[in-house]
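Chemist: What follows is query.cif; its format and atoms are mmCIF, C-alpha atoms.
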```cif
data_target
loop_
_atom_site.label_atom_id
_atom_site.label_comp_id
_atom_site.auth_asym_id
_atom_site.auth_seq_id
_atom_site.Cartn_x
_atom_site.Cartn_y
_atom_site.Cartn_z
CA MET P 19 -119.50 122.35 111.49
CA ARG P 20 -122.43 123.95 109.70
CA ARG P 21 -120.12 126.61 108.20
CA VAL P 22 -117.78 123.91 106.90
CA LEU P 23 -120.66 122.08 105.28
CA LEU P 24 -121.97 125.30 103.69
CA THR P 25 -118.50 126.14 102.33
CA LEU P 26 -118.13 122.64 100.90
CA ALA P 27 -121.57 122.94 99.29
CA ALA P 28 -120.63 126.31 97.77
CA VAL P 29 -117.35 124.92 96.37
CA ALA P 30 -119.17 121.90 94.96
CA PHE P 31 -121.78 124.19 93.38
CA ALA P 32 -119.07 126.37 91.80
CA GLY P 33 -117.37 123.24 90.46
CA LEU P 34 -120.65 122.06 88.98
CA LEU P 35 -121.17 125.46 87.33
CA ALA P 36 -117.66 125.34 85.84
CA ALA P 37 -118.15 121.78 84.58
CA GLY P 38 -121.52 122.80 83.14
CA ALA P 39 -119.91 125.74 81.34
CA LEU P 40 -117.30 123.39 79.83
CA VAL P 41 -119.76 120.70 78.80
CA GLY P 42 -122.24 123.32 77.61
CA GLY P 43 -119.64 124.78 75.22
CA MET P 44 -119.43 128.20 76.90
CA TYR P 45 -115.62 128.37 76.74
CA ASP P 46 -114.64 130.26 73.56
CA ILE P 47 -111.99 128.08 71.90
CA SER P 48 -111.45 130.47 68.95
CA ALA P 49 -107.93 131.76 68.37
CA THR P 50 -109.32 135.30 68.00
CA ASP P 51 -110.52 135.28 71.61
CA GLN P 52 -107.38 136.44 73.41
CA HIS P 53 -106.45 135.13 76.84
CA LEU P 54 -107.45 137.20 79.86
CA ALA P 55 -104.45 139.10 81.23
CA PRO P 56 -104.34 136.94 84.40
CA THR P 57 -104.51 133.76 82.29
CA TYR P 58 -101.63 134.96 80.13
CA TRP P 59 -99.60 135.90 83.19
CA ALA P 60 -100.26 132.53 84.83
CA VAL P 61 -99.30 130.52 81.73
CA ASP P 62 -96.23 132.67 81.03
CA THR P 63 -94.99 132.53 84.62
CA ALA P 64 -95.67 128.81 84.96
CA SER P 65 -93.74 128.01 81.79
CA ARG P 66 -90.80 130.31 82.58
CA GLN P 67 -90.46 128.93 86.12
CA SER P 68 -90.90 125.38 84.88
CA VAL P 69 -87.98 125.81 82.46
CA LYS P 70 -85.79 127.46 85.11
CA LEU P 71 -86.39 124.60 87.52
CA ARG P 72 -85.79 121.85 84.98
CA ALA P 73 -82.79 123.43 83.27
CA ARG P 74 -80.79 123.69 86.50
CA GLY P 75 -77.49 121.91 86.22
CA ILE P 76 -77.47 121.56 82.42
CA ALA P 77 -73.86 122.13 81.39
CA ALA P 78 -73.52 123.73 77.96
CA PRO P 79 -70.64 122.76 75.68
CA PRO P 80 -68.58 125.65 74.23
CA LEU P 81 -71.05 127.59 72.07
CA ASP P 82 -68.93 130.40 70.64
CA ASP P 83 -67.40 128.25 67.89
CA ALA P 84 -68.15 130.05 64.59
CA ALA P 85 -68.73 126.82 62.65
CA ARG P 86 -71.24 125.61 65.26
CA ILE P 87 -73.11 128.92 65.15
CA GLU P 88 -73.26 128.72 61.33
CA ARG P 89 -74.64 125.16 61.49
CA GLY P 90 -77.16 126.36 64.06
CA LEU P 91 -78.15 129.24 61.79
CA ALA P 92 -78.86 126.83 58.93
CA LEU P 93 -80.94 124.56 61.23
CA TYR P 94 -82.79 127.60 62.60
CA ARG P 95 -83.49 128.83 59.05
CA ASP P 96 -84.87 125.40 58.07
CA HIS P 97 -86.85 124.52 61.22
CA CYS P 98 -87.48 127.52 63.50
CA VAL P 99 -87.90 130.71 61.46
CA GLN P 100 -91.31 129.52 60.18
CA CYS P 101 -92.87 130.16 63.62
CA HIS P 102 -90.34 132.31 65.48
CA GLY P 103 -89.04 134.63 62.75
CA ALA P 104 -85.45 135.84 62.73
CA PRO P 105 -83.72 139.24 62.72
CA GLY P 106 -85.73 141.23 60.15
CA VAL P 107 -87.72 138.13 59.06
CA ALA P 108 -91.40 137.57 59.94
CA PRO P 109 -92.85 134.17 60.81
CA GLU P 110 -94.93 132.43 58.12
CA PRO P 111 -98.55 133.66 57.87
CA PHE P 112 -99.96 130.52 59.56
CA ALA P 113 -97.78 131.12 62.61
CA LEU P 114 -98.77 134.76 63.03
CA GLY P 115 -102.30 133.81 64.02
CA MET P 116 -101.36 131.26 66.68
CA THR P 117 -102.69 131.76 70.21
CA PRO P 118 -100.28 131.98 71.92
CA SER P 119 -97.99 133.28 69.19
CA ALA P 120 -94.47 131.85 69.15
CA ALA P 121 -91.91 134.02 70.96
CA SER P 122 -89.53 136.25 69.05
CA LEU P 123 -86.20 134.64 69.86
CA VAL P 124 -84.26 137.71 68.78
CA HIS P 125 -84.58 138.83 72.39
CA THR P 126 -84.44 135.53 74.25
CA ALA P 127 -80.69 135.24 74.88
CA ARG P 128 -80.74 138.54 76.76
CA THR P 129 -82.70 136.92 79.60
CA TRP P 130 -82.36 133.13 79.16
CA THR P 131 -79.35 130.92 79.81
CA ALA P 132 -78.06 128.50 77.18
CA GLY P 133 -79.21 125.59 79.37
CA GLU P 134 -82.74 126.98 79.50
CA VAL P 135 -82.85 127.43 75.73
CA TYR P 136 -81.49 123.88 75.29
CA TRP P 137 -84.08 122.40 77.65
CA THR P 138 -86.93 124.17 75.82
CA VAL P 139 -85.75 123.22 72.33
CA ARG P 140 -85.19 119.63 73.44
CA ASN P 141 -88.47 119.13 75.30
CA GLY P 142 -90.90 121.54 73.66
CA PHE P 143 -93.81 123.40 75.28
CA LYS P 144 -97.09 121.72 76.09
CA MET P 145 -100.27 123.49 74.84
CA THR P 146 -98.31 125.48 72.28
CA GLY P 147 -97.09 124.51 68.82
CA MET P 148 -93.54 123.96 70.13
CA PRO P 149 -92.54 120.33 69.57
CA ALA P 150 -89.83 118.41 71.41
CA TRP P 151 -86.90 118.68 69.01
CA GLU P 152 -85.20 115.77 70.73
CA PHE P 153 -87.20 113.69 68.24
CA ARG P 154 -86.20 115.77 65.21
CA LEU P 155 -82.58 116.77 65.80
CA THR P 156 -79.54 115.01 67.19
CA GLU P 157 -77.99 116.04 70.50
CA ASP P 158 -75.23 117.88 68.67
CA GLU P 159 -77.71 119.67 66.40
CA LEU P 160 -79.76 120.79 69.42
CA TRP P 161 -76.68 122.53 70.78
CA ASP P 162 -75.97 124.03 67.33
CA VAL P 163 -79.42 125.67 67.43
CA VAL P 164 -78.81 126.87 70.99
CA ALA P 165 -75.47 128.37 69.92
CA PHE P 166 -77.23 130.33 67.19
CA VAL P 167 -80.07 131.48 69.48
CA MET P 168 -77.50 132.69 72.03
CA ALA P 169 -75.65 134.59 69.27
CA MET P 170 -78.78 136.09 67.72
CA PRO P 171 -79.03 139.32 69.78
CA ALA P 172 -75.75 140.46 68.19
CA ILE P 173 -76.79 139.71 64.61
CA ALA P 174 -78.14 142.64 62.55
CA PRO P 175 -81.08 141.95 60.18
CA VAL P 176 -78.99 142.52 57.03
CA GLU P 177 -76.31 140.21 58.40
CA TYR P 178 -78.82 137.45 59.18
CA LYS P 179 -80.27 137.63 55.67
CA ARG P 180 -76.83 137.43 54.09
CA ARG P 181 -75.72 134.49 56.25
CA ALA P 182 -79.05 132.62 55.90
CA ALA P 183 -78.80 132.88 52.11
CA ALA P 184 -75.20 131.63 52.16
CA ALA P 185 -75.42 128.82 54.73
CA PRO P 186 -75.54 125.36 53.07
CA ALA P 187 -78.25 122.84 54.01
CA PRO P 188 -77.17 121.08 57.22
CA GLN P 189 -75.57 117.67 56.74
CA ARG P 190 -77.20 114.96 58.87
CA ARG P 191 -74.66 113.51 61.24
CA PRO P 192 -75.37 109.93 62.36
CA GLU P 193 -75.95 109.32 66.05
CA PRO P 194 -74.31 106.48 67.95
CA ALA P 195 -76.44 103.30 68.13
CA ARG P 196 -78.25 102.80 71.43
CA PRO P 197 -80.13 99.79 72.81
CA ALA P 198 -83.93 99.79 72.41
CA ASP P 199 -85.65 101.81 75.14
CA ALA P 200 -89.37 101.11 75.60
CA ARG P 201 -89.89 104.04 77.98
CA ARG P 202 -88.44 106.47 75.47
CA GLY P 203 -90.54 104.75 72.80
CA LYS P 204 -93.69 105.61 74.73
CA VAL P 205 -92.73 109.30 74.57
CA ALA P 206 -91.78 108.96 70.90
CA ILE P 207 -95.24 107.55 70.09
CA GLN P 208 -96.75 110.78 71.34
CA GLN P 209 -94.13 112.84 69.50
CA TYR P 210 -94.92 111.19 66.16
CA ALA P 211 -98.64 111.79 66.88
CA CYS P 212 -99.48 108.07 66.49
CA PRO P 213 -102.63 108.39 68.68
CA ILE P 214 -104.31 110.71 66.19
CA CYS P 215 -104.95 107.55 64.11
CA HIS P 216 -104.49 104.59 66.51
CA GLU P 217 -105.85 103.59 69.88
CA ILE P 218 -102.77 102.70 71.96
CA PRO P 219 -102.94 101.54 75.59
CA GLY P 220 -101.00 103.87 77.88
CA ILE P 221 -101.09 106.83 75.45
CA VAL P 222 -103.54 109.66 76.06
CA GLY P 223 -104.74 111.25 72.85
CA ALA P 224 -107.48 111.42 70.28
CA ASN P 225 -107.30 107.63 69.73
CA LYS P 226 -109.34 107.94 66.55
CA PRO P 227 -110.01 104.66 64.72
CA VAL P 228 -108.36 105.80 61.48
CA GLY P 229 -106.13 102.74 61.62
CA PRO P 230 -106.53 99.60 63.73
CA PRO P 231 -106.15 99.70 67.52
CA LEU P 232 -102.72 98.57 68.72
CA ASP P 233 -103.78 96.92 71.99
CA GLY P 234 -102.25 93.50 72.58
CA TRP P 235 -99.66 94.32 69.91
CA SER P 236 -97.16 91.66 71.04
CA ARG P 237 -99.73 88.97 70.21
CA ARG P 238 -100.43 90.33 66.71
CA GLY P 239 -99.34 87.95 63.97
CA VAL P 240 -99.06 90.21 60.94
CA ILE P 241 -98.09 93.87 60.41
CA ALA P 242 -100.34 95.74 57.95
CA GLY P 243 -101.61 92.39 56.71
CA ILE P 244 -98.24 91.74 55.08
CA LEU P 245 -95.19 91.31 57.32
CA PRO P 246 -94.76 88.74 60.10
CA ASN P 247 -94.85 90.68 63.35
CA ASN P 248 -91.48 90.96 65.10
CA PRO P 249 -89.59 94.02 66.40
CA ALA P 250 -87.22 94.19 63.40
CA ASN P 251 -90.09 94.10 60.88
CA LEU P 252 -92.08 96.60 62.92
CA GLU P 253 -89.07 98.93 62.86
CA ARG P 254 -88.95 98.60 59.04
CA TRP P 255 -92.68 99.25 58.74
CA LEU P 256 -92.54 102.33 60.98
CA ARG P 257 -89.68 103.83 58.99
CA GLU P 258 -90.91 103.12 55.45
CA PRO P 259 -94.52 101.90 55.30
CA GLN P 260 -94.83 102.54 51.55
CA ALA P 261 -91.79 100.37 50.82
CA ILE P 262 -93.77 97.46 52.27
CA SER P 263 -97.28 98.46 51.18
CA PRO P 264 -97.34 101.15 48.45
CA GLU P 265 -101.14 101.35 48.78
CA SER P 266 -101.08 101.99 52.53
CA ALA P 267 -102.70 105.00 54.16
CA MET P 268 -100.03 104.82 56.88
CA PRO P 269 -97.79 107.80 56.07
CA ASP P 270 -94.01 107.96 56.12
CA LEU P 271 -93.47 110.04 59.27
CA GLY P 272 -89.73 110.39 58.89
CA VAL P 273 -89.18 108.19 61.94
CA THR P 274 -85.49 107.92 62.79
CA GLU P 275 -83.85 104.53 63.30
CA ARG P 276 -83.50 105.11 67.02
CA ASP P 277 -87.10 106.29 67.46
CA ALA P 278 -88.47 103.37 65.40
CA ARG P 279 -86.53 100.89 67.54
CA ASP P 280 -87.80 102.49 70.75
CA ILE P 281 -91.41 102.64 69.50
CA ALA P 282 -91.24 98.97 68.47
CA ALA P 283 -89.90 98.17 71.93
CA TYR P 284 -92.83 99.94 73.60
CA LEU P 285 -95.44 98.28 71.39
CA SER P 286 -93.87 94.90 72.11
CA THR P 287 -94.68 95.43 75.79
CA LEU P 288 -98.44 95.54 75.01
CA ARG P 289 -99.87 92.13 75.87
CA MET W 22 -132.06 79.91 65.38
CA ARG W 23 -130.81 76.37 64.82
CA VAL W 24 -132.88 76.28 61.63
CA ALA W 25 -131.25 79.48 60.43
CA ALA W 26 -127.81 77.97 61.07
CA ALA W 27 -128.75 74.87 59.17
CA ILE W 28 -130.03 76.96 56.26
CA ALA W 29 -126.86 79.02 56.26
CA ALA W 30 -124.68 75.91 56.30
CA LEU W 31 -126.73 74.38 53.51
CA SER W 32 -126.58 77.50 51.38
CA LEU W 33 -122.84 77.55 51.95
CA LEU W 34 -122.47 73.95 50.86
CA ALA W 35 -124.47 74.71 47.76
CA ALA W 36 -122.34 77.85 47.22
CA CYS W 37 -125.24 79.43 45.44
CA GLU W 38 -125.95 83.12 44.98
CA ARG W 39 -128.88 83.61 47.32
CA PRO W 40 -131.02 86.72 46.90
CA ALA W 41 -130.26 88.91 49.91
CA PRO W 42 -131.84 92.09 51.24
CA ALA W 43 -129.90 95.13 50.03
CA ALA W 44 -128.73 96.09 53.53
CA GLY W 45 -127.52 92.58 54.41
CA ASP W 46 -128.74 90.19 57.05
CA ARG W 47 -126.78 90.76 60.25
CA GLU W 48 -127.62 87.50 61.99
CA ASN W 49 -126.78 85.51 58.88
CA GLY W 50 -123.56 87.52 58.62
CA ARG W 51 -122.58 86.46 62.13
CA LEU W 52 -123.07 82.79 61.22
CA LEU W 53 -121.15 83.21 57.97
CA LEU W 54 -118.19 84.84 59.75
CA ARG W 55 -118.01 81.68 61.83
CA GLN W 56 -118.51 79.36 58.87
CA PHE W 57 -115.75 80.96 56.82
CA GLY W 58 -113.31 80.70 59.74
CA CYS W 59 -112.70 84.46 60.01
CA GLY W 60 -111.89 83.86 63.68
CA GLN W 61 -108.77 81.91 62.67
CA CYS W 62 -107.14 85.31 62.21
CA HIS W 63 -109.43 87.94 63.79
CA ARG W 64 -111.14 88.78 67.05
CA ILE W 65 -114.82 89.38 66.31
CA PRO W 66 -117.19 90.27 69.17
CA GLY W 67 -120.18 87.93 69.22
CA VAL W 68 -118.61 85.30 66.97
CA ALA W 69 -117.73 82.07 68.76
CA ASP W 70 -114.00 81.23 68.91
CA ALA W 71 -113.04 84.39 67.00
CA GLU W 72 -110.15 85.27 69.33
CA SER W 73 -107.06 85.21 67.15
CA ASP W 74 -104.58 88.07 66.94
CA ILE W 75 -102.98 87.24 63.59
CA GLY W 76 -104.84 90.11 61.95
CA PRO W 77 -106.38 93.14 63.66
CA SER W 78 -109.40 92.89 65.92
CA LEU W 79 -112.66 93.62 64.09
CA ALA W 80 -114.30 95.17 67.15
CA ARG W 81 -115.77 98.52 66.01
CA VAL W 82 -114.35 98.01 62.53
CA GLY W 83 -117.32 100.00 61.23
CA GLU W 84 -115.83 103.15 62.81
CA ARG W 85 -112.45 102.75 61.10
CA ALA W 86 -111.27 105.11 58.38
CA TYR W 87 -109.53 102.47 56.24
CA LEU W 88 -109.85 98.76 55.58
CA GLY W 89 -106.62 96.78 55.39
CA GLY W 90 -104.88 100.16 55.64
CA VAL W 91 -105.66 100.84 51.97
CA LEU W 92 -109.39 101.12 51.26
CA PRO W 93 -111.71 103.91 52.50
CA ASN W 94 -114.20 102.23 54.81
CA SER W 95 -117.86 101.92 53.83
CA PRO W 96 -120.30 99.00 54.02
CA ALA W 97 -119.97 98.42 50.25
CA ASN W 98 -116.16 98.60 50.38
CA LEU W 99 -116.05 96.25 53.35
CA ALA W 100 -118.06 93.68 51.38
CA ALA W 101 -115.78 94.19 48.36
CA TRP W 102 -112.67 93.76 50.55
CA ILE W 103 -114.03 90.53 52.05
CA ARG W 104 -114.70 89.14 48.57
CA ASP W 105 -111.35 89.98 46.99
CA PRO W 106 -108.73 91.58 49.28
CA GLN W 107 -105.96 91.20 46.68
CA ARG W 108 -107.86 93.49 44.36
CA PHE W 109 -107.06 96.34 46.77
CA ASP W 110 -103.73 95.20 48.19
CA PRO W 111 -101.92 92.53 46.15
CA ARG W 112 -99.54 91.85 49.05
CA THR W 113 -102.03 91.30 51.82
CA THR W 114 -101.98 87.95 53.59
CA MET W 115 -105.77 88.09 53.97
CA PRO W 116 -106.89 85.26 51.70
CA ASN W 117 -109.59 85.32 49.07
CA LEU W 118 -112.11 82.92 50.62
CA GLY W 119 -114.45 82.77 47.64
CA VAL W 120 -117.23 84.62 49.47
CA THR W 121 -120.29 85.35 47.32
CA GLU W 122 -121.58 88.89 46.98
CA ALA W 123 -124.68 88.20 49.08
CA HIS W 124 -122.66 86.52 51.83
CA ALA W 125 -120.11 89.34 51.89
CA ARG W 126 -122.95 91.83 52.24
CA ASP W 127 -124.32 89.93 55.25
CA MET W 128 -120.87 89.71 56.89
CA ALA W 129 -120.32 93.43 56.32
CA ALA W 130 -123.73 94.15 57.84
CA TYR W 131 -122.77 92.25 60.99
CA LEU W 132 -119.29 93.81 61.21
CA GLN W 133 -120.73 97.34 60.86
CA GLU W 134 -122.36 96.88 64.24
CA ALA W 135 -119.79 94.63 65.95
CA LYS W 136 -118.67 96.43 69.13
#
```
Just give me the structure of the file as structure tokens.
Modeler:
Amino acid sequence: MRRVLLTLAAVAFAGLLAAGALVGGMYDISATDQHLAPTYWAVDTASRQSVKLRARGIAAPPLDDAARIERGLALYRDHCVQCHGAPGVAPEPFALGMTPSAASLVHTARTWTAGEVYWTVRNGFKMTGMPAWEFRLTEDELWDVVAFVMAMPAIAPVEYKRRAAAAPAPQRRPEPARPADARRGKVAIQQYACPICHEIPGIVGANKPVGPPLDGWSRRGVIAGILPNNPANLERWLREPQAISPESAMPDLGVTERDARDIAAYLSTLR
Amino acid sequence: MRVAAAIAALSLLAACERPAPAAGDRENGRLLLRQFGCGQCHRIPGVADAESDIGPSLARVGERAYLGGVLPNSPANLAAWIRDPQRFDPRTTMPNLGVTEAHARDMAAYLQEAK
């Protein structure tokens, strides 16, 4: 009994020390302070295993279609090369100093399945700069990128440069209309980084009072002091704030129609 | 307290420019926010009946980065916004209530601290 109590006291003391170190600012947050080898191993293993588990059962469409790979190459050139690089192409300077640095995907397809690449591109990686591309690309475009990533190990640097220079800018293909989905809207709010400026119930984040808090949104009468508050107007405001208030500090975040509808649906649940 | 309210109401009726301390009188500001009916559209902590959700809540408005989404927040800008919102956003539904400079300064002083 006494031993149990002593052990508990020791654990509590260690916890207090750790909390004190955190609150006291002892953890070095600088990007020049590299992770300890065990930390790196733990993070790397946890993320790899997490992807493997979650990507089970994802069925890939045919990915060896040359046109699909070319579309994927153009999307990769426009959205991915900045952090990940490409055959013979370095990431942008800002990405080189990231901790952790983004993976070189030239090698990925040798050890990852298409489903695992798809899952990662779609959902992103927490605590890294990798966003969830579900909110930036359509389902079809996600698979285009996967097709290119899976083809990349066979593409020589000179060939990549030639094809990247030649590939036309990807044409946006419209997605089928879907009914408003408040649960997806809650995720989209995080993905458009709304909580860096607004306090929003149910969303963990900085919640800085740059703009007004959005609690009790469904009761709010007016949007931005201008538009009567209803889901259709909120959708308009989210997509093109400057079209409604040219003076507004609320930026145009490039919110898609589907995401705006889902975000409006979530905010309408706040009473 | 009751005397102060009476004085505030009287000064409002007279609509005169009353000399005010530079920083604004918080308690007078609280009374003025009630007198001008700000609570018809806003929630304002400490102001009776100010529980409307037409416009945004003014709780902790002093910590906000922008006023009306358009004007960098400062005590002086808050007073200027209260006096003439259309000057900063011609489309805003916030009405110009004909608030004097001294009254706006008092309201801004109260709102700076409203939690």
Chemist: Taking the point (-90.7, 97.3, 66.6) as given in the file, collect each protein or nucleic acid residue that comes within 8 Å of it, counting only C-alpha atoms, and present the set as a list in words.
Modeler: Asn248, Pro249, Ala250, Asn251, Leu252, Glu253, Arg254, Leu256, Ala278, Arg279, Asp280, Ile281, Ala282, Ala283, Tyr284, Leu285 and Ser286 of chain P
Chemist: On this structure, which residues satisfy the PyMOL selection byres ((chain P) within 10 of (chain W)), written as an MDAnalysis selection string?
Modeler: chainID P and resid 215:216 226:247 262:268
Chemist: Measuring between all atoms listed in the file, which one of W:Met128, W:Leu118, W:Ala123, W:Ala101 shows the shortest distance to Leu52 in chain W?
Modeler: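 Closest residue, counting all atoms listed in the file: W:Met128.
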Chemist: Report as a ChimeraX atom specification the residues that result from applying the PyMOL selection byres ((chain W and resi 50) around 7) to the structure here.
Modeler: /W:46-49,51-54,124,127-128,130-131
Chemist: Please, what distance in Å, to one decimal, runs between CA of Thr126 in chain P and CA of Cys98 in chain P?
Modeler: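 Spanning CA of Thr126 in chain P to CA of Cys98 in chain P is a straight-line distance of 13.7 Å.
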Chemist: Any chance you could work out the residue set of the PyMOL selection byres ((chain P and resi 190) around 10) here, as a ChimeraX atom specification?
Modeler: /P:155-156,159,187-189,191-193
Chemist: Tell me, as a PyMOL selection string, which residues lie within 10 Å of Val167 in chain P, counting only C-alpha atoms; anything in the same chain fewer than 2 positions away does not count.
Modeler: chain P and resi 87+90-91+94+104+123-127+132+135-136+161-165+169-171
Chemist: When you count all atoms listed in the file, which of these residues is closest to Met148 in chain P: P:Leu81, P:Val107, P:Ala121, P:Ala60?
Modeler: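 Smallest separation from Met148 in chain P among the options: P:Ala121.
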Chemist: Work out how far apart CA of Glu72 in chain W and CA of Arg108 in chain W are and give it in Å to one decimal.
Modeler: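 Going from CA of Glu72 in chain W over to CA of Arg108 in chain W covers 26.4 Å.
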Chemist: Give the answer as one residue: which of P:Gly133, P:Gly38, P:Gly142, P:Pro149 has the shortest atom-to-atom distance to Ile76 in chain P, using all atoms listed in the file?
Modeler: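 Checking each of P:Gly133, P:Gly38, P:Gly142, P:Pro149 against Ile76 in chain P, counting all atoms listed in the file, the winner is P:Gly133.
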